[in-house]
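Structure file entry15.cif (mmCIF, C-alpha atoms and all ligand atoms) is printed below.
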```cif
data_entry
#
loop_
_atom_site.label_atom_id
_atom_site.label_comp_id
_atom_site.auth_asym_id
_atom_site.auth_seq_id
_atom_site.Cartn_x
_atom_site.Cartn_y
_atom_site.Cartn_z
CA MET O 264 13.79 -26.39 5.02
CA VAL O 265 12.83 -22.88 3.99
CA SER O 266 14.54 -21.12 1.08
CA ASP O 267 16.41 -17.85 1.60
CA VAL O 268 13.60 -16.00 -0.17
CA ILE O 269 10.95 -17.47 2.12
CA LEU O 270 13.12 -16.94 5.18
CA ALA O 271 13.58 -13.24 4.38
CA ALA O 272 9.86 -12.82 3.71
CA LEU O 273 8.83 -14.59 6.94
CA ASN O 274 11.34 -12.58 8.95
CA GLU O 275 9.85 -9.43 7.49
CA GLN O 276 6.40 -10.57 8.61
CA ILE O 277 7.74 -11.27 12.13
CA LYS O 278 8.67 -7.59 12.23
CA VAL O 279 5.26 -6.54 10.94
CA GLU O 280 3.52 -8.53 13.69
CA ALA O 281 5.87 -7.11 16.34
CA GLU O 282 5.17 -3.59 15.10
CA SER O 283 1.44 -4.29 15.16
CA SER O 284 1.77 -5.32 18.79
CA GLN O 285 3.63 -2.07 19.57
CA ILE O 286 1.04 0.03 17.75
CA TYR O 287 -1.83 -1.47 19.75
CA LEU O 288 0.15 -1.18 22.95
CA ALA O 289 0.63 2.54 22.28
CA MET O 290 -3.11 2.86 21.58
CA ALA O 291 -3.90 0.96 24.81
CA SER O 292 -1.72 3.26 26.86
CA TRP O 293 -3.34 6.37 25.35
CA ALA O 294 -6.84 4.99 25.99
CA GLU O 295 -5.97 4.09 29.57
CA VAL O 296 -4.62 7.56 30.32
CA LYS O 297 -7.72 9.13 28.74
CA GLY O 298 -10.01 7.04 30.94
CA PHE O 299 -11.37 4.80 28.17
CA GLU O 300 -11.22 1.64 30.22
CA GLY O 301 -12.96 -0.62 27.74
CA ILE O 302 -11.00 0.61 24.74
CA ALA O 303 -7.77 0.15 26.72
CA THR O 304 -8.75 -3.42 27.61
CA PHE O 305 -9.46 -4.19 23.96
CA MET O 306 -6.18 -2.65 22.77
CA PHE O 307 -4.09 -4.48 25.39
CA LYS O 308 -5.72 -7.75 24.26
CA GLN O 309 -5.12 -6.84 20.63
CA SER O 310 -1.47 -6.12 21.37
CA ASP O 311 -1.10 -9.52 23.08
CA GLU O 312 -2.69 -11.24 20.10
CA GLU O 313 -0.28 -9.61 17.69
CA ARG O 314 2.61 -10.77 19.85
CA ALA O 315 1.15 -14.29 19.69
CA HIS O 316 1.05 -14.00 15.88
CA MET O 317 4.71 -13.01 15.92
CA LEU O 318 5.64 -15.94 18.18
CA LYS O 319 3.75 -18.37 15.96
CA LEU O 320 5.87 -17.21 13.00
CA ILE O 321 9.10 -17.42 15.00
CA LYS O 322 8.34 -21.02 16.01
CA PHE O 323 7.46 -21.96 12.44
CA VAL O 324 10.61 -20.45 10.94
CA ASN O 325 12.85 -22.19 13.49
CA GLN O 326 11.02 -25.49 13.09
CA ARG O 327 11.54 -25.32 9.33
CA GLY O 328 15.29 -25.01 9.69
CA GLY O 329 15.49 -21.23 9.40
CA HIS O 330 16.54 -18.72 12.01
CA ALA O 331 13.83 -16.28 13.05
CA LYS O 332 15.14 -12.75 13.39
CA VAL O 333 14.13 -10.30 16.09
CA SER O 334 14.46 -6.86 14.51
CA ALA O 335 14.55 -3.33 15.88
CA LEU O 336 11.16 -1.65 15.81
CA GLU O 337 10.04 1.83 14.85
CA GLU O 338 8.22 3.91 17.42
CA PRO O 339 4.52 3.91 16.43
CA LYS O 340 3.55 7.16 14.72
CA LEU O 341 -0.07 7.68 15.62
CA ASP O 342 -2.65 10.43 15.49
CA TYR O 343 -4.10 10.59 19.00
CA THR O 344 -6.69 13.28 18.26
CA SER O 345 -9.59 11.10 19.38
CA PHE O 346 -10.68 7.51 19.88
CA ARG O 347 -12.23 7.75 16.40
CA THR O 348 -8.92 8.49 14.73
CA LEU O 349 -7.41 5.65 16.72
CA PHE O 350 -9.86 3.07 15.39
CA ARG O 351 -9.57 4.46 11.86
CA GLN O 352 -5.81 3.87 12.10
CA LEU O 353 -6.39 0.40 13.51
CA TYR O 354 -8.56 -0.47 10.51
CA GLU O 355 -6.07 0.97 8.03
CA HIS O 356 -3.24 -0.89 9.73
CA GLU O 357 -5.09 -4.20 9.48
CA VAL O 358 -5.74 -3.61 5.76
CA LYS O 359 -1.99 -3.06 5.30
CA VAL O 360 -1.16 -6.23 7.23
CA SER O 361 -3.59 -8.19 5.06
CA GLU O 362 -1.70 -6.94 2.00
CA CYS O 363 1.57 -8.14 3.54
CA ILE O 364 0.06 -11.58 4.14
CA ASN O 365 -1.19 -11.71 0.55
CA VAL O 366 2.29 -10.90 -0.74
CA LEU O 367 3.70 -13.66 1.47
CA VAL O 368 1.18 -16.14 0.13
CA ASP O 369 2.21 -15.17 -3.42
CA ILE O 370 5.87 -15.69 -2.58
CA SER O 371 5.18 -19.09 -1.01
CA LEU O 372 3.46 -20.17 -4.22
CA SER O 373 6.17 -18.88 -6.51
CA GLU O 374 8.75 -20.68 -4.35
CA LYS O 375 6.57 -23.82 -4.42
CA ASP O 376 6.77 -23.92 -0.62
CA TYR O 377 3.46 -25.63 0.13
CA ALA O 378 4.18 -26.09 3.83
CA THR O 379 4.56 -22.33 4.25
CA HIS O 380 1.56 -21.76 2.02
CA ASN O 381 -0.50 -24.04 4.24
CA PHE O 382 0.80 -22.38 7.42
CA LEU O 383 -0.12 -18.94 6.07
CA GLN O 384 -3.78 -19.86 5.59
CA TRP O 385 -4.31 -19.30 9.32
CA TYR O 386 -3.10 -15.72 8.88
CA VAL O 387 -5.33 -15.20 5.86
CA SER O 388 -8.39 -16.16 7.95
CA GLU O 389 -7.22 -14.14 10.91
CA GLN O 390 -6.90 -11.01 8.78
CA ILE O 391 -10.41 -11.46 7.38
CA GLU O 392 -11.76 -11.58 10.94
CA GLU O 393 -9.69 -8.66 12.16
CA GLU O 394 -10.64 -6.42 9.26
CA ALA O 395 -14.31 -7.31 9.76
CA THR O 396 -14.11 -6.56 13.49
CA ALA O 397 -12.45 -3.21 12.86
CA LYS O 398 -15.22 -2.38 10.38
CA VAL O 399 -17.94 -3.29 12.90
CA ILE O 400 -16.28 -1.03 15.45
CA LEU O 401 -16.05 1.87 12.97
CA ASP O 402 -19.73 1.46 12.14
CA LYS O 403 -20.59 1.59 15.84
CA ILE O 404 -18.53 4.75 16.24
CA ASP O 405 -20.43 6.35 13.33
CA LEU O 406 -23.70 5.46 15.02
CA ILE O 407 -22.67 7.08 18.30
CA GLY O 408 -21.85 10.44 16.71
CA ASP O 409 -21.42 12.95 19.51
CA ASP O 410 -23.71 11.22 21.98
CA LYS O 411 -21.95 11.03 25.36
CA GLY O 412 -24.17 8.22 26.66
CA GLY O 413 -23.44 6.27 23.49
CA LEU O 414 -19.74 6.74 24.00
CA TYR O 415 -20.01 5.48 27.58
CA MET O 416 -21.82 2.37 26.37
CA PHE O 417 -19.38 1.88 23.50
CA ASP O 418 -16.42 2.01 25.87
CA ASN O 419 -18.14 -0.48 28.12
CA ASP O 420 -18.89 -2.81 25.18
CA MET O 421 -15.28 -2.76 24.07
CA LYS O 422 -14.28 -4.81 27.12
CA ASN O 423 -16.12 -7.74 25.59
CA PHE O 424 -14.74 -7.45 22.10
CA THR O 425 -11.93 -9.68 21.06
CA SER O 426 -9.67 -8.55 18.29
CA SER O 427 -10.47 -11.58 16.16
CA GLY O 428 -14.16 -10.81 16.27
CA HIS O 429 -15.36 -13.50 18.67
CA ASN O 430 -17.82 -12.88 21.50
CA ILE O 431 -18.81 -9.52 20.12
CA VAL O 432 -21.52 -7.91 22.21
CA GLN O 433 -23.77 -6.21 19.67
FE1 LIG X 501 -1.48 -10.17 13.19
O1 LIG X 501 -3.22 -10.03 12.96
FE2 LIG X 501 -3.82 -8.40 12.36
O2 LIG X 501 -2.45 -7.44 12.20
#
```

So that I can check it, write out the structure of this file as structure tokens.
Ligand code: OFO
Amino acid sequence: MVSDVILAALNEQIKVEAESSQIYLAMASWAEVKGFEGIATFMFKQSDEERAHMLKLIKFVNQRGGHAKVSALEEPKLDYTSFRTLFRQLYEHEVKVSECINVLVDISLSEKDYATHNFLQWYVSEQIEEEATAKVILDKIDLIGDDKGGLYMFDNDMKNFTSSGHNIVQ
């Protein structure tokens, strides 16, 4: 059974994951319209993954005797100036999500909820991977500079990236 404090904190995280999925969906749609096929593929995958993270939390909360809440979401506020700004925002968003997970871990410890603490370790690892992947992508973007051929190759490479950093084509 989860305490009210843990329940509220987990429900908040469900919202964070749902919003992450919306943010990446908005990025995917922008990239698709702009003709960045690879970036769009990556962002759609990323959006699906975030939804999976949300579902995992919903299942856990309900299994533990709580009631997972499905909240209203904010429309993503994004700067669509370029694909660079998009990935910068992706990185910054992941850093923020990592902070949310850290706060949750702290709460689980102060509530002495070791089952939730154990469950959250998966999210801790996931955030490490996602931040690292976002960093690799930003480094690649820096390397490309204004080179059009480089951008073409980058977009093509993005099809093979997964948001959790596996199968990265270097
Ligand atoms: Fe949900 O994994 Fe990042 O944000």

Write as a CSV table (one decimal) with C-alpha atoms, in the frame of the given file the residues around ligand LIG 501 (chain X), taking 6 Å as the cut-off and counting only C-alpha atoms and all ligand atoms.
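Final output, out18.csv:
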```csv
chain,number,residue,atom,x,y,z
O,280,GLU,CA,3.5,-8.5,13.7
O,283,SER,CA,1.4,-4.3,15.2
O,313,GLU,CA,-0.3,-9.6,17.7
O,316,HIS,CA,1.0,-14.0,15.9
O,357,GLU,CA,-5.1,-4.2,9.5
O,360,VAL,CA,-1.2,-6.2,7.2
O,390,GLN,CA,-6.9,-11.0,8.8
O,393,GLU,CA,-9.7,-8.7,12.2
```

Quick one, how far is atom CA of O:Gln384 from atom CA of O:Glu337? 27.3 Å

Which of these residues is nearest to O:Met416, using all atoms listed in the file: O:Lys375, O:Gly301, O:Arg347, O:Leu288?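 Smallest distance to O:Met416 is found for O:Gly301.
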
Exercise: O:Lys332 partners within 8 Å, only C-alpha atoms, chain neighbours under 4 positions left out, as a PDB file with C-alpha atoms, in the coordinates of the input:
```
ATOM      1  CA  ASN O 274      11.340 -12.580   8.950  1.00  0.00           C
ATOM      2  CA  ILE O 277       7.740 -11.270  12.130  1.00  0.00           C
ATOM      3  CA  ILE O 321       9.100 -17.420  15.000  1.00  0.00           C
TER       4      ILE O 321
END
```

Considering all atoms listed in the file, return as a VMD selection string whatever protein or nucleic-acid residues lie within 12 Å of O:Tyr386, sequence-local ones (same chain, fewer than 4 positions apart) excluded. chain O and resid 276 280 313 315 to 317 319 to 320 357 360 to 365 367 to 368 379 to 382 390 to 394 427

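Coordinates place atom CA of O:Arg351 at a distance of 18.2 Å from atom CA of O:Gly413.
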
When you look at stretch 400-412 of chain O with a cut-off of 9 Å (counting only C-alpha atoms), what residues show up, excluding the ones that are within fewer than 3 positions of it in the same chain? I need them as a list in words. Arg347, Phe350, Arg351, Tyr354, Ala395, Thr396, Ala397, Tyr415, Met416, Phe417 and Met421 of chain O

For O:Ile269, which residue among O:Lys340, O:Arg327, O:Lys359, O:Lys297 is the nearest when counting all atoms listed in the file?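 For O:Ile269, the nearest of the given residues is O:Arg327.
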
Would you pick out the contacts of stretch 306-310 of chain O at 9 Å or less, using all atoms listed in the file, so that residues sharing its chain but fewer than 5 positions from it are not included, and give the list as a ChimeraX atom specification? /O:281,283-292,294,301,315,425-427
